[in-house]
Amino acid sequence: MNVDERLKALGRRVAEELLEKLSEARAVVVATEDGFELAFATREELEAARIAAMTSSIAAICDSVSREAGLGHTKSFVVEASDGFMVMRGVQNGQVRLVLSTLTRNGALLGMVMNAVGESARALSA
Amino acid sequence: MEPKIVFTGPPGAGKTTAIAALSDTPPVVTDVANHDVALGKARTTVGMDFGTVALEGGEQVRLFGTPGQERFDFLWPILVKDALGLAILIDNSRPDPLTDLRLFLKSLAPTLPKMACVIGVGRLEGHARPGIEQFVDVLAAAGWMFPVLPVDVRKREDVLMMVELMLAQAEAKNLGESQ
């Protein structure tokens, strides 16, 4: 994966801070848009590489749907499931596009998670 | 419902190109910047490709393309579900095209008995080995007998030939099952 170490370090810091901030978060994964795991922080055993590949696929399909439907540029996308949420957000850092994903347990407040993910995305894009 | 044909195969084999060459409508693509230096290309598909083509006689066929990298293998069975046919595209300039074919045959083995299948081998002109007969041997060793043909995925007629072969196989299979 040809992504520089500075960006990987920033990804690790952002992932760890976001996980710390959200008590209901199970894991945070930062992926490149082509599905490589750049960084992750987790409270449980998790196949971060698998999540990274899946979130990049979802992001690309969401971008495609937004284009087709004339919705403009996709900002975030949410999987709402019986046992929690997955909140994902695209992030542009220089030439590299990333996907920041937060996996939560049931009981998390979606608005709060989206807000925290948005703040972290801004930190990751800087 | 219109028949569904899926193009799969390793990265760089030309799945997106094949669908673009054949589709009557601008294809839906999900390609993004590639960060894998080993692939040697600027962009790669991470979701799916989609296009449609009307055949002679008016039959509409839906064309789907999968990502090629193994890390996206969770998408392969999703996209292949309920397909009438599967085109496995192989890039003969890759280090081990026969192993590439074995990987896709193994990954998609549960679905293969339900559909028609064609193997298209690309870039044979500059990379003559392995030859078509070696791909046939790999298929036979895995217990399959599918057509294997050289293709240039940039040529509409080559891609159309693959689709027509799959439709003919599917028709023969239907006929066999109804007798």
# chains A, B, ... in the order shown; residues from 1 in each chain; ligands from 1
call {"tool": "select_by_dssp", "arguments": {"residues": "segment 24-168 of chain B", "states": "helix (DSSP H, G or I)", "output": "PyMOL selection string"}}
result
chain B and resi 37-39+70-72+75-80+97-107+112-114+132-141+156-168
call {"tool": "write_last_selection", "arguments": {"atoms": "N, CA and C atoms", "output": "compact mmCIF listing (two decimals), in the first residue's frame"}}
result
# COMPACT_ATOMS: atom_id res chain seq x y z
N VAL B 37 0.81 -0.96 -5.42
CA VAL B 37 1.81 -0.76 -6.48
C VAL B 37 1.98 -2.00 -7.35
N ALA B 38 1.73 -3.17 -6.77
CA ALA B 38 1.92 -4.43 -7.53
C ALA B 38 0.95 -4.53 -8.70
N LEU B 39 -0.17 -3.82 -8.62
CA LEU B 39 -1.18 -3.93 -9.68
C LEU B 39 -0.79 -3.18 -10.96
N GLU B 70 -8.68 -10.52 -4.07
CA GLU B 70 -9.23 -11.52 -3.16
C GLU B 70 -9.85 -10.89 -1.91
N ARG B 71 -9.38 -9.68 -1.53
CA ARG B 71 -9.95 -9.07 -0.32
C ARG B 71 -11.43 -8.69 -0.54
N PHE B 72 -11.85 -8.67 -1.80
CA PHE B 72 -13.25 -8.38 -2.09
C PHE B 72 -14.04 -9.66 -2.39
N LEU B 75 -17.84 -10.16 -2.05
CA LEU B 75 -18.79 -9.64 -3.06
C LEU B 75 -19.08 -10.65 -4.16
N TRP B 76 -18.15 -11.58 -4.39
CA TRP B 76 -18.30 -12.49 -5.53
C TRP B 76 -19.61 -13.29 -5.47
N PRO B 77 -19.87 -14.01 -4.37
CA PRO B 77 -21.14 -14.77 -4.35
C PRO B 77 -22.38 -13.88 -4.38
N ILE B 78 -22.26 -12.68 -3.82
CA ILE B 78 -23.42 -11.75 -3.83
C ILE B 78 -23.75 -11.38 -5.28
N LEU B 79 -22.72 -11.04 -6.04
CA LEU B 79 -22.95 -10.58 -7.42
C LEU B 79 -23.31 -11.73 -8.36
N VAL B 80 -22.81 -12.91 -8.05
CA VAL B 80 -23.04 -14.07 -8.93
C VAL B 80 -24.41 -14.71 -8.70
N PRO B 97 -1.29 -17.24 -14.38
CA PRO B 97 -2.71 -17.22 -14.82
C PRO B 97 -3.47 -18.51 -14.48
N LEU B 98 -2.77 -19.64 -14.46
CA LEU B 98 -3.47 -20.91 -14.15
C LEU B 98 -3.93 -20.92 -12.69
N THR B 99 -3.08 -20.39 -11.80
CA THR B 99 -3.47 -20.30 -10.39
C THR B 99 -4.62 -19.31 -10.23
N ASP B 100 -4.59 -18.23 -11.01
CA ASP B 100 -5.72 -17.27 -10.99
C ASP B 100 -7.03 -18.00 -11.30
N LEU B 101 -7.00 -18.83 -12.35
CA LEU B 101 -8.21 -19.55 -12.74
C LEU B 101 -8.64 -20.50 -11.61
N ARG B 102 -7.65 -21.22 -11.05
CA ARG B 102 -7.99 -22.17 -9.96
C ARG B 102 -8.66 -21.44 -8.80
N LEU B 103 -8.18 -20.24 -8.46
CA LEU B 103 -8.76 -19.49 -7.34
C LEU B 103 -10.24 -19.19 -7.59
N PHE B 104 -10.56 -18.73 -8.80
CA PHE B 104 -11.96 -18.37 -9.07
C PHE B 104 -12.83 -19.61 -9.17
N LEU B 105 -12.29 -20.70 -9.72
CA LEU B 105 -13.07 -21.95 -9.78
C LEU B 105 -13.38 -22.44 -8.37
N LYS B 106 -12.40 -22.32 -7.49
CA LYS B 106 -12.58 -22.79 -6.11
C LYS B 106 -13.56 -21.89 -5.36
N SER B 107 -13.35 -20.59 -5.47
CA SER B 107 -14.21 -19.65 -4.72
C SER B 107 -15.66 -19.73 -5.17
N LEU B 112 -21.17 -22.69 -9.51
CA LEU B 112 -20.88 -23.05 -10.90
C LEU B 112 -21.84 -24.09 -11.51
N PRO B 113 -22.29 -25.09 -10.74
CA PRO B 113 -23.19 -26.07 -11.38
C PRO B 113 -24.52 -25.46 -11.82
N LYS B 114 -24.86 -24.28 -11.26
CA LYS B 114 -26.16 -23.68 -11.56
C LYS B 114 -26.13 -22.76 -12.77
N ILE B 132 -4.14 -22.17 -24.37
CA ILE B 132 -5.56 -22.50 -24.13
C ILE B 132 -5.71 -23.92 -23.56
N GLU B 133 -4.92 -24.87 -24.14
CA GLU B 133 -5.07 -26.28 -23.71
C GLU B 133 -4.73 -26.45 -22.23
N GLN B 134 -3.81 -25.61 -21.72
CA GLN B 134 -3.46 -25.73 -20.29
C GLN B 134 -4.61 -25.24 -19.39
N PHE B 135 -5.33 -24.24 -19.86
CA PHE B 135 -6.51 -23.80 -19.11
C PHE B 135 -7.58 -24.89 -19.12
N VAL B 136 -7.70 -25.55 -20.27
CA VAL B 136 -8.67 -26.66 -20.37
C VAL B 136 -8.29 -27.76 -19.38
N ASP B 137 -6.98 -28.02 -19.26
CA ASP B 137 -6.51 -29.06 -18.32
C ASP B 137 -6.85 -28.68 -16.87
N VAL B 138 -6.69 -27.39 -16.54
CA VAL B 138 -7.00 -26.94 -15.18
C VAL B 138 -8.49 -27.16 -14.90
N LEU B 139 -9.31 -26.82 -15.89
CA LEU B 139 -10.76 -27.03 -15.74
C LEU B 139 -11.07 -28.51 -15.53
N ALA B 140 -10.46 -29.35 -16.37
CA ALA B 140 -10.72 -30.79 -16.30
C ALA B 140 -10.30 -31.34 -14.93
N ALA B 141 -9.16 -30.87 -14.43
CA ALA B 141 -8.66 -31.35 -13.14
C ALA B 141 -9.63 -30.98 -12.01
N ARG B 156 -15.80 -5.32 -28.92
CA ARG B 156 -17.20 -5.65 -28.62
C ARG B 156 -17.55 -7.06 -29.10
N GLU B 157 -17.06 -7.41 -30.32
CA GLU B 157 -17.45 -8.71 -30.88
C GLU B 157 -16.89 -9.87 -30.05
N ASP B 158 -15.72 -9.68 -29.45
CA ASP B 158 -15.13 -10.74 -28.61
C ASP B 158 -15.97 -10.94 -27.34
N VAL B 159 -16.38 -9.83 -26.74
CA VAL B 159 -17.16 -9.92 -25.49
C VAL B 159 -18.55 -10.48 -25.80
N LEU B 160 -19.11 -10.03 -26.93
CA LEU B 160 -20.42 -10.52 -27.34
C LEU B 160 -20.39 -12.04 -27.59
N MET B 161 -19.28 -12.50 -28.16
CA MET B 161 -19.12 -13.95 -28.40
C MET B 161 -19.19 -14.72 -27.08
N MET B 162 -18.57 -14.19 -26.04
CA MET B 162 -18.61 -14.85 -24.73
C MET B 162 -20.05 -14.92 -24.21
N VAL B 163 -20.76 -13.79 -24.33
CA VAL B 163 -22.15 -13.74 -23.84
C VAL B 163 -23.01 -14.73 -24.62
N GLU B 164 -22.82 -14.76 -25.94
CA GLU B 164 -23.63 -15.67 -26.75
C GLU B 164 -23.34 -17.13 -26.43
N LEU B 165 -22.07 -17.43 -26.15
CA LEU B 165 -21.70 -18.81 -25.75
C LEU B 165 -22.40 -19.20 -24.44
N MET B 166 -22.46 -18.24 -23.53
CA MET B 166 -23.13 -18.54 -22.24
C MET B 166 -24.62 -18.75 -22.44
N LEU B 167 -25.23 -17.91 -23.28
CA LEU B 167 -26.67 -18.05 -23.52
C LEU B 167 -26.97 -19.39 -24.19
N ALA B 168 -26.09 -19.79 -25.13
CA ALA B 168 -26.28 -21.08 -25.82
C ALA B 168 -26.15 -22.24 -24.83
call {"tool": "interface_residues", "arguments": {"of": "chain A", "to": "chain B", "cutoff": "8 Å", "atoms": "only C-alpha atoms", "output": "list in words"}}
result
Met1, Asn2, Val3, Thr32, Glu33, Asp34, Gly35, Arg50, Ala53, Met54, Ser56, Ser57, Ile58, Ala60, Ile61, Asp63 and Ser64 of chain A
call {"tool": "write_last_selection", "arguments": {"atoms": "N, CA and C atoms", "output": "short mmCIF file (atom, residue, chain, number, x, y, z; two decimals), in the first residue's frame"}}
result
data_model
loop_
_atom_site.label_atom_id
_atom_site.label_comp_id
_atom_site.auth_asym_id
_atom_site.auth_seq_id
_atom_site.Cartn_x
_atom_site.Cartn_y
_atom_site.Cartn_z
N MET A 1 0.86 -1.19 0.00
CA MET A 1 0.00 0.00 0.00
C MET A 1 0.90 1.24 0.00
N ASN A 2 0.77 2.08 -1.02
CA ASN A 2 1.65 3.25 -1.13
C ASN A 2 1.02 4.49 -0.50
N VAL A 3 0.89 4.45 0.84
CA VAL A 3 0.39 5.60 1.59
C VAL A 3 1.46 5.97 2.60
N THR A 32 -8.32 2.89 3.11
CA THR A 32 -8.15 3.62 1.85
C THR A 32 -9.37 3.33 0.97
N GLU A 33 -9.60 4.15 -0.02
CA GLU A 33 -10.81 3.94 -0.83
C GLU A 33 -10.77 2.65 -1.63
N ASP A 34 -9.56 2.07 -1.79
CA ASP A 34 -9.49 0.78 -2.49
C ASP A 34 -9.37 -0.39 -1.51
N GLY A 35 -9.76 -0.15 -0.27
CA GLY A 35 -10.00 -1.27 0.64
C GLY A 35 -8.84 -1.78 1.46
N ARG A 50 -10.86 -7.02 6.75
CA ARG A 50 -12.13 -7.41 6.11
C ARG A 50 -13.11 -6.22 6.14
N ALA A 53 -12.09 -3.60 3.57
CA ALA A 53 -12.48 -3.93 2.19
C ALA A 53 -13.97 -3.71 1.99
N MET A 54 -14.77 -4.13 2.98
CA MET A 54 -16.22 -3.99 2.84
C MET A 54 -16.65 -2.53 2.83
N SER A 56 -14.96 0.04 1.89
CA SER A 56 -14.58 0.73 0.64
C SER A 56 -15.56 0.35 -0.47
N SER A 57 -16.03 -0.91 -0.48
CA SER A 57 -17.04 -1.31 -1.48
C SER A 57 -18.33 -0.52 -1.28
N ILE A 58 -18.77 -0.45 -0.02
CA ILE A 58 -20.02 0.27 0.28
C ILE A 58 -19.87 1.73 -0.14
N ALA A 60 -17.93 3.07 -2.40
CA ALA A 60 -17.91 3.23 -3.86
C ALA A 60 -19.32 3.08 -4.43
N ILE A 61 -20.08 2.13 -3.89
CA ILE A 61 -21.45 1.93 -4.38
C ILE A 61 -22.32 3.13 -3.99
N ASP A 63 -21.28 6.21 -3.57
CA ASP A 63 -20.88 7.31 -4.47
C ASP A 63 -21.57 7.17 -5.82
N SER A 64 -21.62 5.91 -6.29
CA SER A 64 -22.22 5.65 -7.58
C SER A 64 -23.73 5.94 -7.56
#
call {"tool": "select_by_dssp", "arguments": {"residues": "chain B", "states": "strand (DSSP E or B)", "output": "ChimeraX atom specification"}}
result
/B:4-8,28,31-33,43-45,49-54,60-65,85-91,116-122,148-150
call {"tool": "write_last_selection", "arguments": {"atoms": "C-alpha atoms", "output": "compact mmCIF listing (two decimals), in the first residue's frame"}}
result
# COMPACT_ATOMS: atom_id res chain seq x y z
CA LYS B 4 -27.84 -11.65 -15.72
CA ILE B 5 -24.26 -12.27 -16.85
CA VAL B 6 -21.36 -11.72 -14.46
CA PHE B 7 -17.77 -10.93 -15.43
CA THR B 8 -15.19 -11.93 -12.86
CA VAL B 28 -22.20 2.15 -13.74
CA ASP B 31 -13.54 2.39 -9.64
CA VAL B 32 -11.29 4.31 -7.28
CA ALA B 33 -7.62 5.24 -6.99
CA ARG B 43 -7.70 2.83 -10.81
CA THR B 44 -9.47 -0.33 -9.70
CA THR B 45 -13.04 -1.55 -9.17
CA ASP B 49 -19.76 -2.62 -12.65
CA PHE B 50 -23.13 -2.67 -14.33
CA GLY B 51 -24.32 -2.31 -17.89
CA THR B 52 -27.01 -3.62 -20.23
CA VAL B 53 -27.01 -4.89 -23.77
CA ALA B 54 -29.80 -5.70 -26.19
CA GLN B 60 -31.98 -7.49 -22.86
CA VAL B 61 -29.06 -8.84 -20.86
CA ARG B 62 -27.80 -7.31 -17.61
CA LEU B 63 -24.02 -7.26 -17.25
CA PHE B 64 -22.34 -7.22 -13.83
CA GLY B 65 -18.63 -7.01 -13.04
CA GLY B 85 -23.80 -17.08 -16.87
CA LEU B 86 -20.34 -16.36 -15.56
CA ALA B 87 -17.40 -15.14 -17.64
CA ILE B 88 -14.06 -15.70 -15.93
CA LEU B 89 -11.55 -13.34 -17.53
CA ILE B 90 -7.87 -14.23 -17.21
CA ASP B 91 -4.94 -11.92 -17.91
CA ALA B 116 -23.22 -21.38 -17.77
CA CYS B 117 -19.55 -20.47 -17.74
CA VAL B 118 -16.94 -19.30 -20.25
CA ILE B 119 -13.24 -18.64 -19.69
CA GLY B 120 -11.79 -15.73 -21.66
CA VAL B 121 -8.01 -15.49 -21.83
CA GLY B 122 -6.60 -12.05 -22.64
CA VAL B 148 -11.98 -21.43 -23.18
CA LEU B 149 -11.31 -18.78 -25.81
CA PRO B 150 -8.84 -16.01 -26.49
call {"tool": "closest_residue", "arguments": {"among": "A:Asn115, A:Ala59, A:Ala108, A:Ser120", "to": "Leu10 of chain A", "atoms": "only C-alpha atoms"}}
result
A:Ser120
call {"tool": "atom_distance", "arguments": {"atom1": "atom CA of Asp152 of chain B", "atom2": "atom CA of Thr17 of chain B"}}
result
9.7 Å
call {"tool": "residues_around", "arguments": {"residues": "segment 27-29 of chain A", "least_positions_apart": "3", "cutoff": "10 Å", "atoms": "only C-alpha atoms", "output": "PyMOL selection string"}}
result
chain A and resi 11-12+14-20+22+24+37-46+48-49+51-52+55+86-88+99-105+117
call {"tool": "closest_residue", "arguments": {"among": "B:Gln169, B:Ser93, B:Arg154, B:Asp82", "to": "Glu125 of chain B", "atoms": "only C-alpha atoms"}}
result
B:Ser93
call {"tool": "atom_distance", "arguments": {"atom1": "atom CA of Lys8 of chain A", "atom2": "atom CA of Leu124 of chain A"}}
result
10.2 Å
call {"tool": "residues_around", "arguments": {"residues": "Asn106 of chain A", "least_positions_apart": "2", "cutoff": "12 Å", "atoms": "only C-alpha atoms", "output": "VMD selection string"}}
result
chain A and resid 23 to 26 80 to 86 103 to 104 108 to 110 113
call {"tool": "write_last_selection", "arguments": {"atoms": "N, CA and C atoms", "output": "short mmCIF file (atom, residue, chain, number, x, y, z; two decimals), in the first residue's frame"}}
result
data_model
loop_
_atom_site.label_atom_id
_atom_site.label_comp_id
_atom_site.auth_asym_id
_atom_site.auth_seq_id
_atom_site.Cartn_x
_atom_site.Cartn_y
_atom_site.Cartn_z
N SER A 23 -18.30 5.70 24.10
CA SER A 23 -18.27 4.53 24.99
C SER A 23 -18.96 3.32 24.35
N GLU A 24 -19.93 3.57 23.45
CA GLU A 24 -20.65 2.45 22.82
C GLU A 24 -19.96 1.96 21.55
N ALA A 25 -18.84 2.58 21.19
CA ALA A 25 -18.15 2.14 19.97
C ALA A 25 -17.41 0.83 20.22
N ARG A 26 -17.54 -0.07 19.27
CA ARG A 26 -16.81 -1.36 19.36
C ARG A 26 -15.47 -1.24 18.64
N GLU A 80 -27.87 0.56 9.72
CA GLU A 80 -28.60 0.45 10.99
C GLU A 80 -29.06 -1.00 11.10
N ALA A 81 -28.56 -1.71 12.07
CA ALA A 81 -28.86 -3.14 12.21
C ALA A 81 -29.48 -3.41 13.58
N SER A 82 -29.93 -4.63 13.79
CA SER A 82 -30.64 -4.94 15.05
C SER A 82 -29.73 -4.79 16.26
N ASP A 83 -28.43 -4.96 16.09
CA ASP A 83 -27.52 -4.93 17.24
C ASP A 83 -26.54 -3.76 17.23
N GLY A 84 -26.83 -2.76 16.43
CA GLY A 84 -25.95 -1.58 16.44
C GLY A 84 -25.90 -0.87 15.11
N PHE A 85 -24.98 0.08 15.02
CA PHE A 85 -24.81 0.88 13.80
C PHE A 85 -23.41 0.72 13.25
N MET A 86 -23.29 0.98 11.97
CA MET A 86 -21.98 1.24 11.37
C MET A 86 -22.11 2.59 10.69
N LEU A 103 -18.02 1.33 14.32
CA LEU A 103 -18.95 0.23 14.59
C LEU A 103 -19.41 0.37 16.04
N THR A 104 -20.73 0.44 16.27
CA THR A 104 -21.21 0.64 17.64
C THR A 104 -22.09 -0.52 18.11
N ALA A 108 -26.20 2.98 21.30
CA ALA A 108 -25.51 4.20 20.88
C ALA A 108 -26.52 5.17 20.27
N LEU A 109 -26.30 6.44 20.47
CA LEU A 109 -27.19 7.45 19.88
C LEU A 109 -26.62 7.83 18.51
N LEU A 110 -27.42 7.56 17.48
CA LEU A 110 -26.93 7.72 16.11
C LEU A 110 -26.43 9.14 15.86
N VAL A 113 -23.11 9.70 17.44
CA VAL A 113 -22.04 8.99 16.73
C VAL A 113 -21.70 9.72 15.43
#
call {"tool": "residues_around", "arguments": {"residues": "Leu98 of chain A", "least_positions_apart": "6", "cutoff": "7 Å", "atoms": "only C-alpha atoms", "output": "VMD selection string"}}
result
chain A and resid 30 to 33 90 to 92
call {"tool": "decode", "arguments": {"residues": "segment 2-42 of chain B", "atoms": "C-alpha atoms", "output": "PDB file, in the first residue's frame"}}
result
ATOM      1  CA  GLU B   2     -33.651 -10.122 -18.049  1.00  0.00           C
ATOM      2  CA  PRO B   3     -30.795 -12.637 -17.882  1.00  0.00           C
ATOM      3  CA  LYS B   4     -27.845 -11.653 -15.716  1.00  0.00           C
ATOM      4  CA  ILE B   5     -24.261 -12.273 -16.845  1.00  0.00           C
ATOM      5  CA  VAL B   6     -21.357 -11.723 -14.459  1.00  0.00           C
ATOM      6  CA  PHE B   7     -17.765 -10.933 -15.426  1.00  0.00           C
ATOM      7  CA  THR B   8     -15.194 -11.932 -12.862  1.00  0.00           C
ATOM      8  CA  GLY B   9     -11.461 -12.671 -12.753  1.00  0.00           C
ATOM      9  CA  PRO B  10      -8.253 -11.276 -11.273  1.00  0.00           C
ATOM     10  CA  PRO B  11      -7.473  -7.544 -11.153  1.00  0.00           C
ATOM     11  CA  GLY B  12      -6.499  -6.073 -14.503  1.00  0.00           C
ATOM     12  CA  ALA B  13      -8.144  -8.849 -16.534  1.00  0.00           C
ATOM     13  CA  GLY B  14     -10.494  -6.329 -18.154  1.00  0.00           C
ATOM     14  CA  LYS B  15     -13.884  -6.822 -16.496  1.00  0.00           C
ATOM     15  CA  THR B  16     -14.726  -3.101 -16.478  1.00  0.00           C
ATOM     16  CA  THR B  17     -13.406  -2.746 -20.042  1.00  0.00           C
ATOM     17  CA  ALA B  18     -15.453  -5.735 -21.265  1.00  0.00           C
ATOM     18  CA  ILE B  19     -18.690  -4.310 -19.842  1.00  0.00           C
ATOM     19  CA  ALA B  20     -17.907  -0.854 -21.250  1.00  0.00           C
ATOM     20  CA  ALA B  21     -17.220  -2.429 -24.674  1.00  0.00           C
ATOM     21  CA  LEU B  22     -20.557  -4.218 -24.745  1.00  0.00           C
ATOM     22  CA  SER B  23     -23.010  -2.097 -22.787  1.00  0.00           C
ATOM     23  CA  ASP B  24     -25.547  -0.065 -24.742  1.00  0.00           C
ATOM     24  CA  THR B  25     -25.760   2.424 -21.886  1.00  0.00           C
ATOM     25  CA  PRO B  26     -22.906   4.176 -20.058  1.00  0.00           C
ATOM     26  CA  PRO B  27     -21.902   1.570 -17.450  1.00  0.00           C
ATOM     27  CA  VAL B  28     -22.197   2.147 -13.736  1.00  0.00           C
ATOM     28  CA  VAL B  29     -18.648   1.935 -12.392  1.00  0.00           C
ATOM     29  CA  THR B  30     -17.211   1.955  -8.883  1.00  0.00           C
ATOM     30  CA  ASP B  31     -13.543   2.388  -9.640  1.00  0.00           C
ATOM     31  CA  VAL B  32     -11.293   4.309  -7.281  1.00  0.00           C
ATOM     32  CA  ALA B  33      -7.616   5.241  -6.985  1.00  0.00           C
ATOM     33  CA  ASN B  34      -5.444   2.150  -6.634  1.00  0.00           C
ATOM     34  CA  HIS B  35      -2.877   2.119  -3.798  1.00  0.00           C
ATOM     35  CA  ASP B  36      -1.449  -1.328  -4.578  1.00  0.00           C
ATOM     36  CA  VAL B  37       1.810  -0.756  -6.480  1.00  0.00           C
ATOM     37  CA  ALA B  38       1.921  -4.425  -7.528  1.00  0.00           C
ATOM     38  CA  LEU B  39      -1.180  -3.935  -9.681  1.00  0.00           C
ATOM     39  CA  GLY B  40       0.437  -1.362 -11.935  1.00  0.00           C
ATOM     40  CA  LYS B  41      -2.710   0.584 -12.753  1.00  0.00           C
ATOM     41  CA  ALA B  42      -4.146   3.880 -11.612  1.00  0.00           C
TER      42      ALA B  42
END
